[in-house]
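*Asks:* The structure's right below; bear with me while I get my questions together.
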Amino acid sequence: MESVPCPACSTFFVPRNKSQGFCSKPACQRIRKALWQKQKLASDPDYKEGQRLSQKKWLQNNPDYWEKYRRRNPKKANRNRVLQKIRNMKQQHPPKPSKTFGIAKMDSRKSSLQSLSGQYWLIPTVAKMDAVKIFIATVPINPS
């Protein structure tokens with residue numbers, strides 16, 4: 001059998017059988033198992049219910065787990081408190097719907113078109129791209 005790339009780490013490996021999709025590294029196997037479990041939870045209601053009951057039973061057997069966790073990890077607990085306050089504020093005061101769509105507002109410039117001529121740098125803020133230098137020249141429109 002020929003080598004194939006592992007979807008998790010991108011290294012090539014020789015699979016033991018046709019259905020092996022991930023290499024045998026422990027980190028890659030954890031990713032494989034997490035993907036399988038996510039798909040299983042989405043497609044199998046019995047499995048999902050079993051997982052829910054198992055978590056509920058574990059929490060009943062370990063009632064002070066979260067209290068101990070917050071004591072051991074004060075930075076994480078504080079961060080979570082701050083984020084929860086933000087989520088609560090968003091629920092109480094939902095943002096007003098915007099009249100504009102997309103990212104840029106195309107008609108926001110109100111001055112004359114003559115002042116648009118010149119050289120500009122387009123610096124992307126959303127997508128990963130390099131900055132581009134462009135030259136814009138306006139063409140007068142003759143009302144005929």
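Numbering starts fresh at 1 for the residues of each chain in the structure tokens, the chains themselves are lettered A, B, ... in the order given, and ligands are numbered from 1 as they appear.
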As a list in words, please: the residues near A:Asn17 (cut-off 12 Å, only C-alpha atoms, same-chain neighbours under 6 positions excluded).
*Replies:* Met1, Glu2, Ser3, Val4 and Cys23 of chain A
*Asks:* Next, write the just-selected residues to a file, as an mmCIF file, in the first residue's frame, keeping N, CA and C atoms as the atom set.
*Replies:*
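Saved result, result.cif, follows:
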```cif
data_model
loop_
_atom_site.group_PDB
_atom_site.id
_atom_site.type_symbol
_atom_site.label_atom_id
_atom_site.label_comp_id
_atom_site.auth_asym_id
_atom_site.auth_seq_id
_atom_site.Cartn_x
_atom_site.Cartn_y
_atom_site.Cartn_z
ATOM 1 N N MET A 1 0.848 -1.169 0.000
ATOM 2 C CA MET A 1 0.000 0.000 0.000
ATOM 3 C C MET A 1 0.904 1.246 0.000
ATOM 4 N N GLU A 2 0.472 2.294 -0.681
ATOM 5 C CA GLU A 2 1.301 3.493 -0.766
ATOM 6 C C GLU A 2 1.013 4.456 0.391
ATOM 7 N N SER A 3 1.940 5.354 0.624
ATOM 8 C CA SER A 3 1.824 6.330 1.707
ATOM 9 C C SER A 3 0.714 7.328 1.407
ATOM 10 N N VAL A 4 0.027 7.763 2.474
ATOM 11 C CA VAL A 4 -1.022 8.774 2.369
ATOM 12 C C VAL A 4 -0.784 9.818 3.455
ATOM 13 N N CYS A 23 -2.800 8.699 11.021
ATOM 14 C CA CYS A 23 -1.609 7.968 11.449
ATOM 15 C C CYS A 23 -1.786 7.540 12.907
#
```
*Asks:* Which parts of stretch 2-37 of chain A does DSSP call helix (DSSP H, G or I) when run on the backbone here, written out as a PDB file with C-alpha atoms, in the first residue's frame?
*Replies:*
```pdb
ATOM      1  CA  PRO A  26      -1.539   9.706  19.944  1.00  0.00           C
ATOM      2  CA  ALA A  27      -2.386  13.346  19.103  1.00  0.00           C
ATOM      3  CA  CYS A  28      -3.773  12.331  15.695  1.00  0.00           C
ATOM      4  CA  GLN A  29      -5.782   9.513  17.250  1.00  0.00           C
ATOM      5  CA  ARG A  30      -7.314  11.983  19.739  1.00  0.00           C
ATOM      6  CA  ILE A  31      -8.366  14.194  16.827  1.00  0.00           C
ATOM      7  CA  ARG A  32      -9.805  11.181  14.983  1.00  0.00           C
ATOM      8  CA  LYS A  33     -11.775  10.115  18.045  1.00  0.00           C
ATOM      9  CA  ALA A  34     -13.069  13.661  18.663  1.00  0.00           C
ATOM     10  CA  LEU A  35     -14.285  13.901  15.047  1.00  0.00           C
ATOM     11  CA  TRP A  36     -15.944  10.485  15.299  1.00  0.00           C
ATOM     12  CA  GLN A  37     -17.663  11.444  18.551  1.00  0.00           C
TER      13      GLN A  37
END
```
*Asks:* When you draw a straight line from atom CA of A:Lys85 to atom CA of A:Asn73, how long is it in Å?
*Replies:*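 Computing the Euclidean distance for atom CA of A:Lys85 and atom CA of A:Asn73 yields 18.7 Å.
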*Asks:* Between atom CA of A:Pro5 and atom CA of A:Phe22, what is the distance in Å, rounded to a tenth?
*Replies:*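 Rounded to one decimal, the two atoms are 8.1 Å apart.
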*Asks:* Taking 4 positions as the minimum chain separation for residues in the same chain, which residues sit within 8 Å of A:Cys6 when counting only C-alpha atoms? Answer as a ChimeraX atom specification.
*Replies:* /A:10-13,21-23
*Asks:* For the residues in that selection, give me C-alpha atoms as an mmCIF file, in the first residue's frame.
*Replies:*
```
data_model
loop_
_atom_site.group_PDB
_atom_site.id
_atom_site.type_symbol
_atom_site.label_atom_id
_atom_site.label_comp_id
_atom_site.auth_asym_id
_atom_site.auth_seq_id
_atom_site.Cartn_x
_atom_site.Cartn_y
_atom_site.Cartn_z
ATOM 1 C CA SER A 10 0.020 16.152 7.305
ATOM 2 C CA THR A 11 2.833 13.595 7.593
ATOM 3 C CA PHE A 12 2.795 10.660 5.212
ATOM 4 C CA PHE A 13 2.226 7.169 6.609
ATOM 5 C CA GLY A 21 -7.389 7.575 7.634
ATOM 6 C CA PHE A 22 -5.160 8.892 10.443
ATOM 7 C CA CYS A 23 -1.609 7.968 11.449
#
```
*Asks:* Quick one: pull the distance between atom CA of A:Glu49 and atom CA of A:Asn62, Å, one decimal.
*Replies:*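 Computed distance, atom CA of A:Glu49 to atom CA of A:Asn62, equals 19.9 Å.
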